[in-house]
Amino acid sequence: MPAVRSGAAAPRPPEAALTWTDPVTGRQGFLVIDRLVRGLASGGLRMREGCRYEEVRELAAAMSVKEALHYDPAGRYLPMGGAKGGIDCDPLSSEARGVLSRFLAFIRPYVADHWATGDDLGTTTELIDEVLGELGVDGCIAPVVRTLDDPAAARKRFADAFAVEVDGIGLAELVGGCGVAEAALTVLDRDGITRSSATAVVQGFGAMGGATARYLHAAGVRVVGVSDVHGTVANPRGLTVEDMLRHRRAYGAVDRSRLGPADVLLERDACLALEADVLVPAATSYSIDGANQARIAARYIVEAANLPVTPDAEERLLRRGCVVVPDVVANSGTNAWWWWVLYGDVAPDAAASLAKVRAALRTLVTETLRLAEDAVCTPRQAARHLADARRDVLLSRPGAR
């Protein structure tokens, strides 16, 4: 394998990028297609106050890496390019749905023919599909479905998978956190840290953070801290994760009336400084930067959110011995699972889906960290190199371009 180049490379310009201004509210929306493969690109649509073009551009580039990393020549799933959409609007505001509808109407040619999208911060797949239906587009995965030999069977597999629940929680919500937890367990196993002695802190207790905490706890890891928008809940002996999940409120809020007598309430960013083997940032982008990274005591950071650690912080953390398992690896299970189900690489049930996610993430984390150590680079640089190599193999296939 060619040598991995260290240092920050100049960003590759996207194949398409647009900025839209809502004629009604003045709100802005952004679409970035980092690259097309077979005329297709994949990536979610987020809505949050303060969303900016540069954020969407970086996320689109990351999606190109996530897609390529899971290319398996023996599988049916053929990875796409990466894309991302973003809208600068509070998703809870009364104007949010109208802004979303007008944005999707403006970019309708992309979502109809090229961009397969889905939920992200502030959106749901159900809402996006509802709006696209009003625009005459057959759902957020329409561009991919039309390329398959049996679209009806593919849609049925997809619907069946999304209908599955595990202990009252949808499988689609759990697969991503299962993958992040497996990434964390992989680094613990590599370091010879037994699961019964291992500790973890999860920043954010929504869909991804909650599922990650659940699977770490189930594996025997003590989850000693969890944060939400209101603060941090900590207990060095371990939190009662399943009980916290059962009584979790909207938007990942911990029900503080249900906490145990030994649980301690701290300020929100205190989660960063808690002693733990693994810190899982599962809240927002750029939550760990060059300033607050100095507070982190964990040996590993396993990224559940998209872009939670800035490049400057990642370099500083690595220099002092804290390794960041990047989002393009750790949280890639959700994206891959969507397409494994649609293409028929995994059965639309919990046992098969979770087993495939675990196996894929364990292999991918191991490969990424091994390459990073051999090439003396960050795991993120190693992941990009692996993605480039796999994309080259994909594009060498007849008709792949």
# chains A, B, ... in the order shown; residues from 1 in each chain; ligands from 1
>>> residues_around(residues="Asp228 in chain A", least_positions_apart="6", cutoff="12 Å", atoms="only C-alpha atoms", output="MDAnalysis selection string")
chainID A and resid 201:207 209:210 234 244 248:256 265:271 281:284
>>> residues_around(residues="range 102-116 of chain A", least_positions_apart="6", cutoff="7 Å", atoms="only C-alpha atoms", output="count of residues only")
13
>>> closest_atom_pairs(of="range 277-389 of chain A", to="range 65-80 of chain A", cutoff="6 Å", atoms="only C-alpha atoms", output="tab-separated table")
residue	atom	partner	partner_atom	distance
A:Val328	CA	A:Lys66	CA	5.1
A:Ser332	CA	A:Lys66	CA	5.9
A:Tyr343	CA	A:Tyr77	CA	5.5
A:Ala387	CA	A:Leu69	CA	4.7
>>> closest_atom_pairs(of="range 110-202 of chain A", to="range 345-351 of chain A", cutoff="9 Å", atoms="only C-alpha atoms", output="tab-separated table")
residue	atom	partner	partner_atom	distance
A:Arg157	CA	A:Pro348	CA	5.9
A:Phe158	CA	A:Pro348	CA	7.2
A:Ala159	CA	A:Pro348	CA	8.6
A:Asp160	CA	A:Pro348	CA	6.1
A:Ala161	CA	A:Pro348	CA	4.3
A:Phe162	CA	A:Pro348	CA	8.1
A:Val164	CA	A:Asp349	CA	6.6
A:Glu165	CA	A:Ala350	CA	7.9
A:Val166	CA	A:Ala350	CA	7.3
A:Leu171	CA	A:Ala350	CA	6.5
A:Val175	CA	A:Ala350	CA	8.8
>>> write_last_selection(atoms="N, CA, C and O atoms", output="JSON list (two decimals), in the first residue's frame")
[["chain", "number", "residue", "atom", "x", "y", "z"],
["A", 157, "ARG", "N", -37.62, -4.76, 1.82],
["A", 157, "ARG", "CA", -36.56, -5.05, 2.80],
["A", 157, "ARG", "C", -36.31, -3.83, 3.68],
["A", 157, "ARG", "O", -36.16, -3.94, 4.91],
["A", 158, "PHE", "N", -36.27, -2.67, 3.06],
["A", 158, "PHE", "CA", -35.99, -1.43, 3.78],
["A", 158, "PHE", "C", -37.11, -1.15, 4.78],
["A", 158, "PHE", "O", -36.84, -0.84, 5.95],
["A", 159, "ALA", "N", -38.35, -1.25, 4.34],
["A", 159, "ALA", "CA", -39.48, -1.00, 5.23],
["A", 159, "ALA", "C", -39.53, -2.01, 6.37],
["A", 159, "ALA", "O", -39.80, -1.67, 7.53],
["A", 160, "ASP", "N", -39.26, -3.28, 6.05],
["A", 160, "ASP", "CA", -39.26, -4.32, 7.09],
["A", 160, "ASP", "C", -38.20, -4.04, 8.14],
["A", 160, "ASP", "O", -38.45, -4.19, 9.35],
["A", 161, "ALA", "N", -37.02, -3.62, 7.72],
["A", 161, "ALA", "CA", -35.94, -3.34, 8.66],
["A", 161, "ALA", "C", -36.28, -2.17, 9.56],
["A", 161, "ALA", "O", -36.01, -2.19, 10.77],
["A", 162, "PHE", "N", -36.88, -1.14, 9.00],
["A", 162, "PHE", "CA", -37.22, 0.05, 9.79],
["A", 162, "PHE", "C", -38.39, -0.21, 10.73],
["A", 162, "PHE", "O", -38.62, 0.57, 11.65],
["A", 164, "VAL", "N", -38.57, -2.97, 12.58],
["A", 164, "VAL", "CA", -38.07, -3.82, 13.66],
["A", 164, "VAL", "C", -37.77, -2.98, 14.91],
["A", 164, "VAL", "O", -37.17, -1.91, 14.82],
["A", 165, "GLU", "N", -38.17, -3.48, 16.06],
["A", 165, "GLU", "CA", -37.84, -2.85, 17.33],
["A", 165, "GLU", "C", -37.13, -3.84, 18.23],
["A", 165, "GLU", "O", -37.39, -5.04, 18.18],
["A", 166, "VAL", "N", -36.22, -3.32, 19.04],
["A", 166, "VAL", "CA", -35.51, -4.11, 20.04],
["A", 166, "VAL", "C", -35.77, -3.47, 21.40],
["A", 166, "VAL", "O", -35.32, -2.35, 21.65],
["A", 171, "LEU", "N", -34.75, -0.51, 15.37],
["A", 171, "LEU", "CA", -33.46, -1.02, 14.94],
["A", 171, "LEU", "C", -32.64, 0.05, 14.23],
["A", 171, "LEU", "O", -31.42, 0.13, 14.40],
["A", 175, "VAL", "N", -28.55, 0.65, 15.34],
["A", 175, "VAL", "CA", -27.39, 0.11, 14.62],
["A", 175, "VAL", "C", -26.17, 1.04, 14.70],
["A", 175, "VAL", "O", -25.03, 0.57, 14.83]]
>>> closest_residue(among="A:Asp149, A:Glu15, A:Asp138, A:Asp167", to="Ala83 in chain A", atoms="only C-alpha atoms")
A:Glu15
>>> select_by_dssp(residues="range 194-256 of chain A", states="alpha helix (DSSP H)", output="list in words")
Ala207, Met208, Gly209, Gly210, Ala211, Thr212, Ala213, Arg214, Tyr215, Leu216, His217, Ala218, Val241, Glu242, Asp243, Met244, Leu245 and Arg246 of chain A
>>> closest_residue(among="A:Val229, A:Arg237, A:Gly176, A:Thr186", to="Lys356 in chain A", atoms="only C-alpha atoms")
A:Gly176
>>> atom_distance(atom1="CA of Arg195 in chain A", atom2="CA of Leu354 in chain A")
19.3 Å
>>> closest_residue(among="A:Ala297, A:Ala360, A:Ala336, A:Leu174", to="Met208 in chain A", atoms="only C-alpha atoms")
A:Leu174
>>> closest_residue(among="A:Ala211, A:Val324, A:Val224, A:Leu364", to="Ala172 in chain A", atoms="only C-alpha atoms")
A:Ala211
>>> closest_residue(among="A:Thr212, A:Thr366, A:Ser353, A:Asp88", to="Pro379 in chain A", atoms="only C-alpha atoms")
A:Thr366
>>> closest_residue(among="A:Glu134, A:Glu95, A:Asp150, A:Glu275", to="Ala198 in chain A", atoms="only C-alpha atoms")
A:Glu275
>>> atom_distance(atom1="CA of Ala359 in chain A", atom2="CA of Gly333 in chain A")
10.3 Å
>>> select_by_dssp(residues="range 43-212 of chain A", states="strand (DSSP E or B)", output="PyMOL selection string")
chain A and resi 45-48+81-88+115-116+119+165-166+169-170+199-203
>>> atom_distance(atom1="CA of Ser196 in chain A", atom2="CA of Leu239 in chain A")
14.0 Å
